[in-house]
Every structure is written in C-alpha cells, then in structure tokens.
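In what follows, a single structure is set out as structure tokens and then discussed.
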Amino acid sequence: MQIIDGKQTAADVRLEVKQEVEALRIRTGKIPGLAILIVGENPASKIYVRSKVKSCEEVGIYGINDELPADISESALLERIAYWNAREDIDGILVQLPLPPHIDEKKVIDAIELTKDVDGFKPENLGLLFLGDKDSLKSCTPLGVLELLKRYRIPIAGKNAVIVGRSNIVGKPMAGLLITESATVTVCNSHTKNLGAVTAGADILVAAMGKAKFIKGDMVKEGAVVIDVGINRGAEGLCGDVDFAEVAPKTSFITPVPGGVGPMTVAMLMKNTLHAFRINKKII
Ligand code: NDP
C-alpha cells in the first residue's frame with residue numbers, strides 16, 4: 001500500500017506554476033490575476049478563501065479577496081462580477097460557494113466570463129470537458145484527482161473506475177475526465193442499489209459523497225486505488241468518506257484526509273488561473 005501524498009504533489013504543482021508565472025512575467029510584463037468573491041461570513045468558506053489567496057501570493061499570481069456582505073442583493077453581486085469581467089488584469093473569477101439562499105447560484109455562475117471561469121463550473125466548460133477538449137477550464141477538484149493519478153503513474157485506460165457522488169462540481173466532471181482517459185466509468189448516487197457490490201468492482205474508486213468514513217473495507221477490492229475526496233468535519237477533526245484504517249491495508253494506493261485531494265484542489269486553481277491568463281492574453 002502506498003499513500004498518495006497530496007500535500008507534496010500540490011507543492012510540486014505550485015512550484016511549477018510559480019516558475020511559469022515568473023517566465024511569463026519576464027516575457028510579457030504581465031502576471032495572472034484572480035478575483036475571489038466571498039459573500040457573508042461562512043467560517044469554512046473563509047478558511048478556503050484564505051488558503052487560495054495565500055497560494056496566489058506564493059506562486060506570484062495577483063490575488064484579490066473581494067469580501068461582500070451577507071445581505072448583498074443578487075443584482076449587486078452580478079454587477080460585481082461584471083466589474084471583474086471587465087478588468088483586464090483579472091484572468092480568473094471565483095465565487096466561493098455556498099451562496100446565501102436569496103442568491104441564485106446558477107445566475108451567478110452564468111455571469112462569469114467563459115474564459116475567466118477558473119472553477120470550470122459554467123455549462124459550456126463542463127460540456128467541453130465531456131467532449132474531451134484539452135484547452136477548456138476544468139473543475140479543480142476532479143482535475144486534482146487526475147493529476148494525482150498521473151503523477152503516481154497509475155494506469156487509467158481499461159480500468160473500472162467507480163465514482164460515488166454525482167455532483168456538478170465533483171462527480172460529473174470526474175466521470176468526464178476518466179471517460180476521456182479511457183476508463184470504464186460507473187457513477188453512483190444515493191439511489192444506487194447494493195453500493196458495496198458496485199464499489200467492490202472498482203480498480204479505481206473515487207469517493208465524493210460527503211459521508212464520514214462511509215466506505216468500509218468490505219466495499220473495496222484487494223489492490224484497488226482509492227481516492228477520497230470527502231471532507232467531513234467532526235469532533236475528531238477532518239475525515240474523509242473512506243474509513244481509512246479499514247480500507248488502506250487492502251489498497252495499492254490511497255489518499256489520506258487531510259493531505260490528499262484537498263491541497264490539490266487549490267494547486268489546480270493556480271494552474272487554471274495561469275491557463276486562463278494564457279487564454280485571455282493570447283499567449284501561446
Ligand atoms: P454533494 O452533496 O453535492 O454530492 C454528494 C453526492 O453523493 C450526491 O450525488 C449524492 O447522491 C451522493 N451520495 C450521498 N450519499 C450517498 C450514498 N449513501 N450512496 C451513494 N451516493 C451517495 O457533495 P459534493 O460533490 O459537493 O462534495 C462531496 C464531498 O467532497 C464532500 O465531503 C465535500 O466536502 C468534498 N469536497 C472536497 C473538495 C476537496 O477539495 N477535497 C472539493 C469539493 C468537495 P444524490 O445525488 O442522489 O443526492
């Protein structure tokens with residue numbers, strides 16, 4: 001069993017981004033810019049935003065934290081996005097989710113310029129991902145999972161991949177990416193019958209359900225690769241969707257929580273912002 005070190009891999013990715021940002025700064029005189037919009041005072045969201053801004057500083061991206069009041073109207077938020085869309089020095093716009101209930105998430109995502117959608121949440125970008133387009137902006141968490149599999153040289157083509165969870169930000173784009181990599185993909189949801197039998201057929205199992213330690217040893221095949229996307233906050237701190245103590249001994253590779261997929265998400269955001277910079281500034 002080998003533990004996949006997401007923290008180290010994320011640091012490697014950030015260093016590569018940093019070097020490329022610096023090289024492009026010397027060549028063009030410009031650096032990528034990322035605007036991170038946060039509405040209200042959600043403590044978990046604030047932690048995520050802080051780590052994103054810190055990563056920007058580390059890699060040489062101009063990162064702005066645009067803090068907006070919890071009672072901002074939907075139209076005022078849309079105007080704010082229009083402002084960042086128009087800013088030439090801003091290549092990526094990210095609206096930290098969840099938003100307060102009086103704001104329509106879909107309208108907000110629709111308002112972001114396609115080439116600045118560094119979260120890859122817009123329908124066009126998700127569609128392009130499913131078409132196997134190489135250059136579109138793709139959702140950071142699934143992209144981070146794929147990066148881990150590739151950097152650990154884990155074969156994907158021809159493998160049975162099972163994803164537990166079908167959300168628009170994790171499960172669905174994960175499926176699209178693994179289909180493009182020629183895996184045979186099964187996507188499970190809360191209606192899936194006999195989930196344990198389905199997951200036990202997985203060569204690559206991606207758990208993205210948001211249920212603490214739900215995946216047990218008997219649900220996993222001997223030698224499987226297990227990627228735990230889940231982040232659950234409990235009395236003992238953070239844990240994933242996988243019961244690590246039970247499952248890890250059966251696997252060939254497994255990601256821990258924390259220190260697995262989580263740090264990769266932010267590293268891929270940096271990579272996406274650099275990619276958006278290249279698109280927006282037409283740099284080849
Ligand atoms: P959602 O709540 O949007 O989706 C959860 C999915 O899991 C749904 O499709 C749901 O099915 C499915 N599900 C729930 N229970 C079961 C079950 N018993 N059997 C089968 N399927 C089930 O969550 P997200 O996709 O946004 O996030 C998933 C997890 O990943 C969370 O813990 C989240 O915190 C974490 N996360 C981690 C990130 C990272 O950077 N590491 C980034 C984003 C998320 P149905 O559709 O039928 O309801």
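Each chain in the structure tokens gets a letter, A, B and so on, in the order shown; residues start at 1 in every chain, and ligands are counted from 1 in the order they appear.
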Worksheet item: How would you write, as a ChimeraX atom specification, the set of residues no farther than 9 Å from ligand 1 when counting only C-alpha atoms and all ligand atoms?
Response: /A:140-142,144,163-172,187-193,195,207-212,214,228-233,239-241,257-258,260-266
Output file for the selection above: N, CA and C atoms, as a compact mmCIF listing (two decimals), in the first residue's frame:
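To be explicit, this is the file written out as part19.txt:
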# COMPACT_ATOMS: atom_id res chain seq x y z
N CYS A 140 -11.64 22.16 -10.55
CA CYS A 140 -10.32 21.97 -9.91
C CYS A 140 -10.19 20.63 -9.16
N THR A 141 -11.22 20.22 -8.44
CA THR A 141 -11.07 19.01 -7.62
C THR A 141 -10.89 17.76 -8.48
N PRO A 142 -11.78 17.50 -9.45
CA PRO A 142 -11.53 16.34 -10.30
C PRO A 142 -10.22 16.42 -11.07
N GLY A 144 -7.57 17.79 -9.99
CA GLY A 144 -6.54 17.44 -9.00
C GLY A 144 -6.44 15.94 -8.80
N ILE A 163 -17.22 6.05 -9.27
CA ILE A 163 -17.28 7.33 -8.56
C ILE A 163 -18.53 7.31 -7.70
N VAL A 164 -18.38 7.58 -6.42
CA VAL A 164 -19.57 7.65 -5.56
C VAL A 164 -19.88 9.12 -5.34
N GLY A 165 -20.96 9.58 -5.97
CA GLY A 165 -21.33 11.00 -5.95
C GLY A 165 -21.47 11.51 -7.37
N ARG A 166 -22.49 12.31 -7.62
CA ARG A 166 -22.74 12.80 -8.99
C ARG A 166 -22.95 14.31 -9.01
N SER A 167 -22.27 15.02 -8.10
CA SER A 167 -22.47 16.47 -8.07
C SER A 167 -21.87 17.10 -9.33
N ASN A 168 -22.34 18.33 -9.61
CA ASN A 168 -21.86 19.02 -10.81
C ASN A 168 -20.42 19.48 -10.67
N ILE A 169 -19.94 19.59 -9.41
CA ILE A 169 -18.58 20.11 -9.23
C ILE A 169 -17.54 19.02 -9.01
N VAL A 170 -17.99 17.83 -8.60
CA VAL A 170 -17.02 16.75 -8.40
C VAL A 170 -17.38 15.51 -9.25
N GLY A 171 -18.47 14.83 -8.89
CA GLY A 171 -18.77 13.53 -9.51
C GLY A 171 -18.87 13.58 -11.04
N LYS A 172 -19.68 14.52 -11.55
CA LYS A 172 -19.89 14.54 -13.01
C LYS A 172 -18.61 14.89 -13.79
N VAL A 187 -20.99 5.76 -12.25
CA VAL A 187 -21.23 6.87 -11.31
C VAL A 187 -22.40 6.51 -10.40
N CYS A 188 -22.16 6.50 -9.10
CA CYS A 188 -23.20 6.11 -8.14
C CYS A 188 -23.83 7.34 -7.49
N ASN A 189 -25.05 7.15 -7.00
CA ASN A 189 -25.73 8.22 -6.25
C ASN A 189 -26.50 7.58 -5.10
N SER A 190 -27.27 8.39 -4.39
CA SER A 190 -27.92 7.88 -3.18
C SER A 190 -28.99 6.85 -3.48
N HIS A 191 -29.38 6.69 -4.75
CA HIS A 191 -30.37 5.67 -5.12
C HIS A 191 -29.73 4.36 -5.58
N THR A 192 -28.42 4.35 -5.68
CA THR A 192 -27.72 3.16 -6.19
C THR A 192 -28.02 1.95 -5.30
N LYS A 193 -28.40 0.85 -5.94
CA LYS A 193 -28.71 -0.39 -5.20
C LYS A 193 -27.42 -1.15 -4.92
N LEU A 195 -24.66 -0.66 -3.12
CA LEU A 195 -23.48 0.16 -3.41
C LEU A 195 -22.17 -0.62 -3.19
N ALA A 207 -14.32 8.40 -3.95
CA ALA A 207 -15.41 8.64 -3.01
C ALA A 207 -15.64 10.13 -2.87
N ALA A 208 -16.82 10.60 -3.30
CA ALA A 208 -17.15 12.03 -3.23
C ALA A 208 -18.61 12.16 -2.85
N MET A 209 -18.92 11.71 -1.64
CA MET A 209 -20.31 11.69 -1.23
C MET A 209 -20.60 12.60 -0.03
N GLY A 210 -19.57 12.95 0.73
CA GLY A 210 -19.80 13.80 1.89
C GLY A 210 -20.40 13.06 3.07
N LYS A 211 -20.02 11.77 3.23
CA LYS A 211 -20.50 10.96 4.37
C LYS A 211 -19.27 10.37 5.08
N ALA A 212 -19.05 10.81 6.31
CA ALA A 212 -17.83 10.44 7.03
C ALA A 212 -17.62 8.93 7.12
N PHE A 214 -17.75 6.39 5.27
CA PHE A 214 -18.84 5.55 4.76
C PHE A 214 -18.31 4.31 4.03
N ASP A 228 -10.02 9.60 -1.96
CA ASP A 228 -11.04 10.09 -1.02
C ASP A 228 -11.17 11.60 -1.16
N VAL A 229 -12.27 12.03 -1.78
CA VAL A 229 -12.49 13.47 -1.98
C VAL A 229 -13.18 14.10 -0.77
N GLY A 230 -13.85 13.29 0.01
CA GLY A 230 -14.69 13.79 1.10
C GLY A 230 -13.95 14.64 2.12
N ILE A 231 -14.62 15.68 2.57
CA ILE A 231 -14.12 16.48 3.70
C ILE A 231 -15.27 16.58 4.69
N ASN A 232 -15.13 15.90 5.80
CA ASN A 232 -16.18 15.92 6.82
C ASN A 232 -15.55 16.43 8.11
N ARG A 233 -16.23 17.38 8.71
CA ARG A 233 -15.73 17.95 9.97
C ARG A 233 -16.48 17.33 11.12
N CYS A 239 -12.22 14.30 8.49
CA CYS A 239 -12.05 12.94 7.98
C CYS A 239 -12.70 12.84 6.61
N GLY A 240 -12.36 11.80 5.88
CA GLY A 240 -12.87 11.63 4.53
C GLY A 240 -14.13 10.79 4.50
N ASP A 241 -14.50 10.38 3.27
CA ASP A 241 -15.65 9.49 3.09
C ASP A 241 -15.24 8.03 3.23
N VAL A 257 -6.97 11.89 4.29
CA VAL A 257 -7.68 13.15 4.55
C VAL A 257 -7.35 13.54 5.99
N PRO A 258 -6.77 14.70 6.23
CA PRO A 258 -6.32 15.68 5.23
C PRO A 258 -5.01 15.27 4.56
N GLY A 260 -4.61 14.85 1.11
CA GLY A 260 -4.77 14.12 -0.14
C GLY A 260 -5.28 15.04 -1.24
N VAL A 261 -6.57 14.93 -1.52
CA VAL A 261 -7.16 15.68 -2.63
C VAL A 261 -7.26 17.18 -2.29
N GLY A 262 -7.52 17.50 -1.02
CA GLY A 262 -7.76 18.90 -0.62
C GLY A 262 -6.70 19.87 -1.12
N PRO A 263 -5.42 19.65 -0.80
CA PRO A 263 -4.40 20.60 -1.27
C PRO A 263 -4.29 20.66 -2.79
N MET A 264 -4.63 19.57 -3.45
CA MET A 264 -4.56 19.55 -4.92
C MET A 264 -5.58 20.50 -5.54
N THR A 265 -6.74 20.63 -4.88
CA THR A 265 -7.78 21.50 -5.43
C THR A 265 -7.26 22.93 -5.57
N VAL A 266 -6.59 23.41 -4.53
CA VAL A 266 -6.09 24.79 -4.57
C VAL A 266 -4.93 24.91 -5.57
Practice prompt. Go through region 82-207 of chain A and collect every residue that DSSP, computed from the backbone, puts in helix (DSSP H, G or I); the answer should be as a ChimeraX atom specification.
Written response: /A:82-86,105-111,114-116,123-130,140-151,171-180,195-199
Discussion item. Here is a test: counting only C-alpha atoms, which residue of A:Gly217, A:Pro100, A:Pro173, A:Pro69 is nearest to Pro123 (chain A)?
Written reply: A:Pro173
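Using only C-alpha atoms, the shortest contact distance between Lys116 (chain A) and any of A:Leu97, A:Cys56, A:Ala35, A:Val226 is found at A:Ala35.
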Fill in: Exercise: Ile156 (chain A) partners within 8 Å, only C-alpha atoms, chain neighbours under 5 positions left out, as a list in words
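In the requested format, the answer is Leu149, Leu178, Glu181, Ser182 and Ala183 of chain A.
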Worksheet item: Residues at most 9 Å from Ile103 (chain A), counting only C-alpha atoms, excluding those fewer than 6 positions away in the same chain, as number ranges by chain?
Response: A: 72-75, 77
Suppose we keep N, CA and C atoms; can you now write the selection as an mmCIF file, in the first residue's frame?
data_model
loop_
_atom_site.group_PDB
_atom_site.id
_atom_site.type_symbol
_atom_site.label_atom_id
_atom_site.label_comp_id
_atom_site.auth_asym_id
_atom_site.auth_seq_id
_atom_site.Cartn_x
_atom_site.Cartn_y
_atom_site.Cartn_z
ATOM 1 N N ILE A 72 -25.955 41.241 0.514
ATOM 2 C CA ILE A 72 -25.814 41.857 -0.824
ATOM 3 C C ILE A 72 -26.931 41.314 -1.726
ATOM 4 N N SER A 73 -27.508 42.195 -2.541
ATOM 5 C CA SER A 73 -28.583 41.727 -3.422
ATOM 6 C C SER A 73 -27.977 40.944 -4.585
ATOM 7 N N GLU A 74 -28.825 40.127 -5.197
ATOM 8 C CA GLU A 74 -28.355 39.337 -6.332
ATOM 9 C C GLU A 74 -27.847 40.259 -7.449
ATOM 10 N N SER A 75 -28.604 41.339 -7.704
ATOM 11 C CA SER A 75 -28.200 42.220 -8.810
ATOM 12 C C SER A 75 -26.870 42.919 -8.493
ATOM 13 N N LEU A 77 -24.463 41.657 -6.717
ATOM 14 C CA LEU A 77 -23.403 40.653 -6.902
ATOM 15 C C LEU A 77 -23.107 40.463 -8.392
#
Fill in: Backbone-only DSSP, strand (DSSP E) members of region 60-271 of chain A, as a PyMOL selection string
chain A and resi 62-68+92-95+160-164+184-188+204-207+225-228+232-234+237-239+253-254
Worksheet item: So, counting only C-alpha atoms, which residue among A:Leu148, A:Ala197, A:Val242, A:Ile90 is closest to Lys216 (chain A)?
Response: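 Once distances to Lys216 (chain A) are computed over only C-alpha atoms, the minimum belongs to A:Val242.
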Practice prompt. Please identify all polymer residues within 9 Å of region 16-25 of chain A, counting only C-alpha atoms, omitting same-chain residues fewer than 2 positions from it, and present them as an MDAnalysis selection string.
Written response: chainID A and resid 11:14 27:32 58:61 267 270:271 274 283
Could those selected residues go to a file with all heavy atoms, as a short mmCIF file (atom, residue, chain, number, x, y, z; two decimals), in the first residue's frame?
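For reference, result-v2.cif as written:
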data_model
loop_
_atom_site.label_atom_id
_atom_site.label_comp_id
_atom_site.auth_asym_id
_atom_site.auth_seq_id
_atom_site.Cartn_x
_atom_site.Cartn_y
_atom_site.Cartn_z
N ALA A 11 2.48 20.91 -3.66
CA ALA A 11 3.63 21.82 -3.58
C ALA A 11 4.43 21.77 -4.88
O ALA A 11 4.90 22.80 -5.37
CB ALA A 11 4.51 21.44 -2.38
N ASP A 12 4.57 20.57 -5.45
CA ASP A 12 5.28 20.43 -6.74
C ASP A 12 4.55 21.22 -7.84
O ASP A 12 5.17 21.93 -8.63
CB ASP A 12 5.35 18.95 -7.17
CG ASP A 12 6.17 18.10 -6.21
OD1 ASP A 12 6.93 18.67 -5.39
OD2 ASP A 12 6.05 16.85 -6.26
N VAL A 13 3.21 21.09 -7.86
CA VAL A 13 2.42 21.79 -8.89
C VAL A 13 2.57 23.30 -8.71
O VAL A 13 2.79 24.04 -9.67
CB VAL A 13 0.92 21.38 -8.82
CG1 VAL A 13 0.06 22.27 -9.72
CG2 VAL A 13 0.74 19.91 -9.19
N ARG A 14 2.48 23.75 -7.45
CA ARG A 14 2.60 25.20 -7.19
C ARG A 14 3.96 25.73 -7.63
O ARG A 14 4.06 26.82 -8.20
CB ARG A 14 2.36 25.51 -5.71
CG ARG A 14 0.90 25.37 -5.26
CD ARG A 14 0.64 26.12 -3.95
NE ARG A 14 1.54 25.70 -2.90
CZ ARG A 14 1.34 24.66 -2.08
NH1 ARG A 14 0.25 23.93 -2.20
NH2 ARG A 14 2.21 24.35 -1.16
N ARG A 27 8.63 37.67 -19.92
CA ARG A 27 8.36 37.74 -21.35
C ARG A 27 7.33 38.81 -21.71
O ARG A 27 7.47 39.52 -22.71
CB ARG A 27 7.83 36.37 -21.80
CG ARG A 27 8.26 35.98 -23.21
CD ARG A 27 7.78 34.57 -23.50
NE ARG A 27 6.62 34.59 -24.33
CZ ARG A 27 5.82 33.55 -24.52
NH1 ARG A 27 6.04 32.41 -23.91
NH2 ARG A 27 4.79 33.64 -25.33
N THR A 28 6.27 38.95 -20.89
CA THR A 28 5.14 39.80 -21.29
C THR A 28 4.99 41.05 -20.42
O THR A 28 4.23 41.95 -20.77
CB THR A 28 3.80 39.02 -21.18
OG1 THR A 28 3.55 38.74 -19.79
CG2 THR A 28 3.85 37.72 -21.94
N GLY A 29 5.65 41.06 -19.26
CA GLY A 29 5.47 42.19 -18.34
C GLY A 29 4.17 42.11 -17.57
O GLY A 29 3.79 43.06 -16.88
N LYS A 30 3.46 40.99 -17.68
CA LYS A 30 2.17 40.85 -17.00
C LYS A 30 2.16 39.61 -16.12
O LYS A 30 2.91 38.66 -16.37
CB LYS A 30 1.04 40.71 -18.04
CG LYS A 30 0.81 41.98 -18.81
CD LYS A 30 -0.24 41.78 -19.87
CE LYS A 30 -0.42 43.09 -20.63
NZ LYS A 30 -1.18 42.93 -21.83
N ILE A 31 1.27 39.63 -15.13
CA ILE A 31 1.08 38.43 -14.31
C ILE A 31 -0.42 38.08 -14.28
O ILE A 31 -1.26 38.96 -14.47
CB ILE A 31 1.59 38.61 -12.85
CG1 ILE A 31 0.91 39.81 -12.16
CG2 ILE A 31 3.11 38.74 -12.81
CD1 ILE A 31 1.16 39.88 -10.66
N PRO A 32 -0.74 36.81 -14.03
CA PRO A 32 -2.16 36.44 -13.94
C PRO A 32 -2.81 37.07 -12.71
O PRO A 32 -2.15 37.29 -11.70
CB PRO A 32 -2.13 34.91 -13.78
CG PRO A 32 -0.74 34.48 -14.09
CD PRO A 32 0.16 35.64 -13.86
N GLU A 58 2.06 32.94 -3.05
CA GLU A 58 3.20 32.04 -3.14
C GLU A 58 3.67 31.85 -4.60
O GLU A 58 4.87 31.79 -4.86
CB GLU A 58 2.82 30.68 -2.52
CG GLU A 58 3.97 29.70 -2.45
CD GLU A 58 3.50 28.30 -2.11
OE1 GLU A 58 2.47 28.14 -1.42
OE2 GLU A 58 4.16 27.35 -2.58
N VAL A 59 2.70 31.77 -5.52
CA VAL A 59 3.09 31.46 -6.90
C VAL A 59 3.26 32.71 -7.77
O VAL A 59 3.58 32.61 -8.95
CB VAL A 59 2.10 30.47 -7.58
CG1 VAL A 59 1.98 29.20 -6.78
CG2 VAL A 59 0.73 31.11 -7.78
N GLY A 60 3.02 33.90 -7.20
CA GLY A 60 3.20 35.13 -7.97
C GLY A 60 1.99 35.57 -8.77
O GLY A 60 2.10 36.38 -9.69
N ILE A 61 0.82 35.03 -8.41
CA ILE A 61 -0.43 35.46 -9.04
C ILE A 61 -1.00 36.60 -8.20
O ILE A 61 -0.91 36.59 -6.97
CB ILE A 61 -1.43 34.28 -9.13
CG1 ILE A 61 -0.98 33.29 -10.21
CG2 ILE A 61 -2.86 34.78 -9.40
CD1 ILE A 61 -1.82 32.01 -10.29
N ALA A 267 -4.07 23.88 -5.62
CA ALA A 267 -2.96 23.91 -6.58
C ALA A 267 -3.50 23.95 -8.02
O ALA A 267 -2.96 24.68 -8.87
CB ALA A 267 -2.06 22.69 -6.37
N MET A 270 -4.58 27.34 -9.07
CA MET A 270 -3.45 28.17 -9.51
C MET A 270 -3.12 27.85 -10.97
O MET A 270 -2.89 28.74 -11.78
CB MET A 270 -2.22 27.94 -8.62
CG MET A 270 -2.41 28.28 -7.15
SD MET A 270 -2.84 30.01 -6.88
CE MET A 270 -4.54 29.90 -6.38
N LYS A 271 -3.11 26.54 -11.27
CA LYS A 271 -2.80 26.10 -12.63
C LYS A 271 -3.87 26.61 -13.61
O LYS A 271 -3.55 27.06 -14.72
CB LYS A 271 -2.73 24.57 -12.64
CG LYS A 271 -1.75 24.03 -13.63
CD LYS A 271 -1.52 22.56 -13.49
CE LYS A 271 -0.85 22.09 -14.76
NZ LYS A 271 -0.42 20.73 -14.75
N LEU A 274 -3.40 30.33 -14.28
CA LEU A 274 -2.30 30.51 -15.24
C LEU A 274 -2.79 30.17 -16.66
O LEU A 274 -2.50 30.90 -17.62
CB LEU A 274 -1.13 29.61 -14.83
CG LEU A 274 0.04 29.49 -15.79
CD1 LEU A 274 0.67 30.86 -16.08
CD2 LEU A 274 1.10 28.54 -15.23
N ILE A 283 -1.51 34.09 -25.13
CA ILE A 283 -0.10 33.71 -25.05
C ILE A 283 0.00 32.22 -25.46
O ILE A 283 -0.67 31.39 -24.86
CB ILE A 283 0.45 33.88 -23.61
CG1 ILE A 283 0.31 35.33 -23.16
CG2 ILE A 283 1.91 33.42 -23.55
CD1 ILE A 283 0.51 35.52 -21.66
#
Response to the item:
note - CA of Asp243 (chain A) and CA of Gln2 (chain A) are separated by 16.0 Å
